[in-house]
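Contents: one structure, followed by commentary.
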Amino acid sequence: MDPDFWVPLLLPFAAWPLARIVAPRLPPRAASWLLTTGCLVLAAAGTAALALQAFAGLTLVPAIAQAGHWSPQALNTVEPVNVPLAIGCGLLLSALGVAFTRTAVRYARWSRALTRQLDEHDPAAGIIILRGQEPVAFSAPGRGGRIAISSGMLDALGPPERDALLAHERAHLRLRHHRFLITITLAAALNPLLRPLCSAARFALERWADEAAAQDVGDRTVVAKAVAKAALAGRAQPGFALAATGGPVPRRVSALLTAPARRLPAALLSAALVLGITGWSAQTVLDSATDLHQNLESAQDFATDARGLLPDDHDAYDR
């Protein structure tokens with residue numbers, strides 16, 4: 001395998017510094033799109049790299065080589081296969097596949113359970129009032145999108161702050177933030193090294209909803225107060241729900257109380273950094289796949305030529 005094969009596996013180690021550099025310098029909307037795309041591409045590239053290495057090991061299995069009409073000896077001559085590494089990649093790929101499947105199943109079960117729970121209440125204009133003094137507020141994408149808020153949360157906020165909190169949750173639903181959330185959640189399951197980048201993407205989603213709420217309400221200070229009071233009164237919503245209490249709340253409040261700064265050069269450099277890293281990762285995987293394909297074609301040609309020279313000894317070249 002080409003040394004570039006390792007690039008997609010090593011680039012996720014840059015997730016933490018990348019998150020620290022990019023998130024504060026990009027507008028929340030751009031940061032959400034770029035970081036989510038970065039998580040998706042890096043997770044897919046790392047998985048593809050492991051799959052390629054595992055498949056390279058399988059190409060030496062006689063039954064697979066015979067089905068593919070290539071010579072394992074010729075393939076090893078063109079590009080020697082590191083068998084222990086291929087086995088390790090296969091085992092790691094299997095473990096990550098199990099983690100991915102478990103996360104997807106957990107999300108499906110959580111979504112169904114939450115939908116059944118909310119179906120027991122009658123929504124008024126898409127808002128469900130939950131009985132109970134525990135302050136809770138979150139948005140749920142099922143049934144066209146619904147907002148759940150408890151009596152305790154309503155009591156903890158003044159009327160303007162309630163409007164700001166509801167505007168935040170409506171922004172999550174209107175902007176389809178739950179699709180972003182499941183994408184980064186599954187990406188982190190496929191590659192745990194991407195968790196810092198996925199956490200930064202989730203924070204960007206909350207900031208995006210904050211800015212959308214501030215625009216709807218027309219007062220950034222009211223939204224900041226609503227977020228701060230909701231976080232102090234309640235707790236982070238468990239599971240996969242998006243809520244106004246999510247993310248590092250002090251940073252969100254500080255950003256709301258500060259006028260948005262126009263930092264175009266820093267934003268462009270940050271965007272270029274994310275795009276460059278994800279593009280490099282994807283390109284190296286494509287190069288590795290192309291190299292493996294060419295090696296297999298060479299091994300097939302060798303086997304075909306060998307059979308042409310010695311037509312009565314086909315099996316000798318297959319072994």
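Identifiers for the structure tokens are assigned positionally: chains receive A, B, ... in sequence, residues are indexed from 1 per chain, and ligands are indexed from 1 in the order shown.
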Would you pick out the contacts of stretch 18-20 of chain A at 12 Å or less, using only C-alpha atoms, so that residues sharing its chain but fewer than 5 positions from it are not included, and give the list as an MDAnalysis selection string? chainID A and resid 11:13 25:26 31:32 34:36 38:39 194:204 269:278
Please provide the set of residues having any atom within 6 Å of stretch 90-102 of chain A, restricted to only C-alpha atoms, with same-chain residues fewer than 6 positions apart removed, written as a PyMOL selection string. chain A and resi 54+189-190
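In terms of minimum interatomic distance to A:Arg109, A:Phe240 ranks closest within A:Gln53, A:Ile129, A:Ala67, A:Phe240, counting only C-alpha atoms.
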Could you tell me, as a PDB file with N, CA and C atoms, in the first residue's frame, which residues of stretch 40-254 of chain A DSSP assigns to strand (DSSP E) when given the backbone?
ATOM      1  N   ILE A 127     -46.488  23.027  20.221  1.00  0.00           N
ATOM      2  CA  ILE A 127     -45.818  23.109  21.524  1.00  0.00           C
ATOM      3  C   ILE A 127     -46.545  22.197  22.501  1.00  0.00           C
ATOM      4  N   ILE A 128     -45.780  21.340  23.187  1.00  0.00           N
ATOM      5  CA  ILE A 128     -46.342  20.411  24.156  1.00  0.00           C
ATOM      6  C   ILE A 128     -45.913  20.847  25.549  1.00  0.00           C
ATOM      7  N   ILE A 129     -46.861  21.058  26.417  1.00  0.00           N
ATOM      8  CA  ILE A 129     -46.576  21.443  27.799  1.00  0.00           C
ATOM      9  C   ILE A 129     -46.514  20.168  28.642  1.00  0.00           C
ATOM     10  N   LEU A 130     -45.338  19.899  29.185  1.00  0.00           N
ATOM     11  CA  LEU A 130     -45.145  18.722  30.023  1.00  0.00           C
ATOM     12  C   LEU A 130     -45.426  19.085  31.480  1.00  0.00           C
ATOM     13  N   ALA A 137     -36.758  21.628  28.352  1.00  0.00           N
ATOM     14  CA  ALA A 137     -37.225  22.178  27.073  1.00  0.00           C
ATOM     15  C   ALA A 137     -36.359  21.615  25.969  1.00  0.00           C
ATOM     16  N   PHE A 138     -36.989  21.081  24.917  1.00  0.00           N
ATOM     17  CA  PHE A 138     -36.231  20.527  23.800  1.00  0.00           C
ATOM     18  C   PHE A 138     -37.137  20.456  22.584  1.00  0.00           C
ATOM     19  N   SER A 139     -36.536  20.225  21.443  1.00  0.00           N
ATOM     20  CA  SER A 139     -37.274  20.071  20.196  1.00  0.00           C
ATOM     21  C   SER A 139     -37.141  18.638  19.706  1.00  0.00           C
ATOM     22  N   ALA A 140     -38.210  18.118  19.119  1.00  0.00           N
ATOM     23  CA  ALA A 140     -38.235  16.753  18.600  1.00  0.00           C
ATOM     24  C   ALA A 140     -38.680  16.798  17.140  1.00  0.00           C
ATOM     25  N   ARG A 146     -41.941  19.059  16.822  1.00  0.00           N
ATOM     26  CA  ARG A 146     -42.663  19.532  17.996  1.00  0.00           C
ATOM     27  C   ARG A 146     -41.677  20.038  19.037  1.00  0.00           C
ATOM     28  N   ILE A 147     -42.143  20.968  19.863  1.00  0.00           N
ATOM     29  CA  ILE A 147     -41.348  21.521  20.956  1.00  0.00           C
ATOM     30  C   ILE A 147     -41.994  21.083  22.256  1.00  0.00           C
ATOM     31  N   ALA A 148     -41.199  20.523  23.159  1.00  0.00           N
ATOM     32  CA  ALA A 148     -41.690  20.113  24.473  1.00  0.00           C
ATOM     33  C   ALA A 148     -41.054  21.012  25.527  1.00  0.00           C
ATOM     34  N   ILE A 149     -41.881  21.547  26.410  1.00  0.00           N
ATOM     35  CA  ILE A 149     -41.391  22.417  27.477  1.00  0.00           C
ATOM     36  C   ILE A 149     -42.202  22.123  28.728  1.00  0.00           C
ATOM     37  N   SER A 150     -41.538  22.027  29.856  1.00  0.00           N
ATOM     38  CA  SER A 150     -42.216  21.665  31.092  1.00  0.00           C
ATOM     39  C   SER A 150     -42.764  22.897  31.798  1.00  0.00           C
TER      40      SER A 150
END
Quick one: residues within 7 Å of A:Val285, only C-alpha atoms, excluding same-chain residues fewer than 4 positions away - as number ranges by chain? A: 5, 45, 48-49, 281, 289
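The closest residue to A:Ala43, picked from A:Ala15, A:Leu257, A:Leu286, A:Val222 and counting only C-alpha atoms, is A:Ala15.
As for atom CA of A:Ala188 and atom CA of A:Ala44, they are spaced 10.7 Å apart.
The closest residue to A:Pro141, picked from A:Ala167, A:Leu268, A:Leu118, A:Leu173 and counting only C-alpha atoms, is A:Leu173.
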Give me, as a PyMOL selection string, the residues of stretch 7-183 of chain A that a backbone DSSP run labels helix (DSSP H, G or I). chain A and resi 7-25+28-58+62-68+72-78+83-119+142-144+151-156+159-174+177-183
Counting only C-alpha atoms, closest pick from A:Leu10, A:Ala104, A:Ala282, A:Ala255 relative to A:Arg220 is A:Ala255
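Closest approach to A:Asp210 from the set A:Ala125, A:Ala108, A:Ala113, A:Ala164 is made by A:Ala164, with distances taken over only C-alpha atoms.
Going from atom CA of A:Trp33 to atom CA of A:Gly247 covers 17.1 Å.
Separating atom CA of A:Gln133 from atom CA of A:Gly234 is a distance of 9.9 Å.
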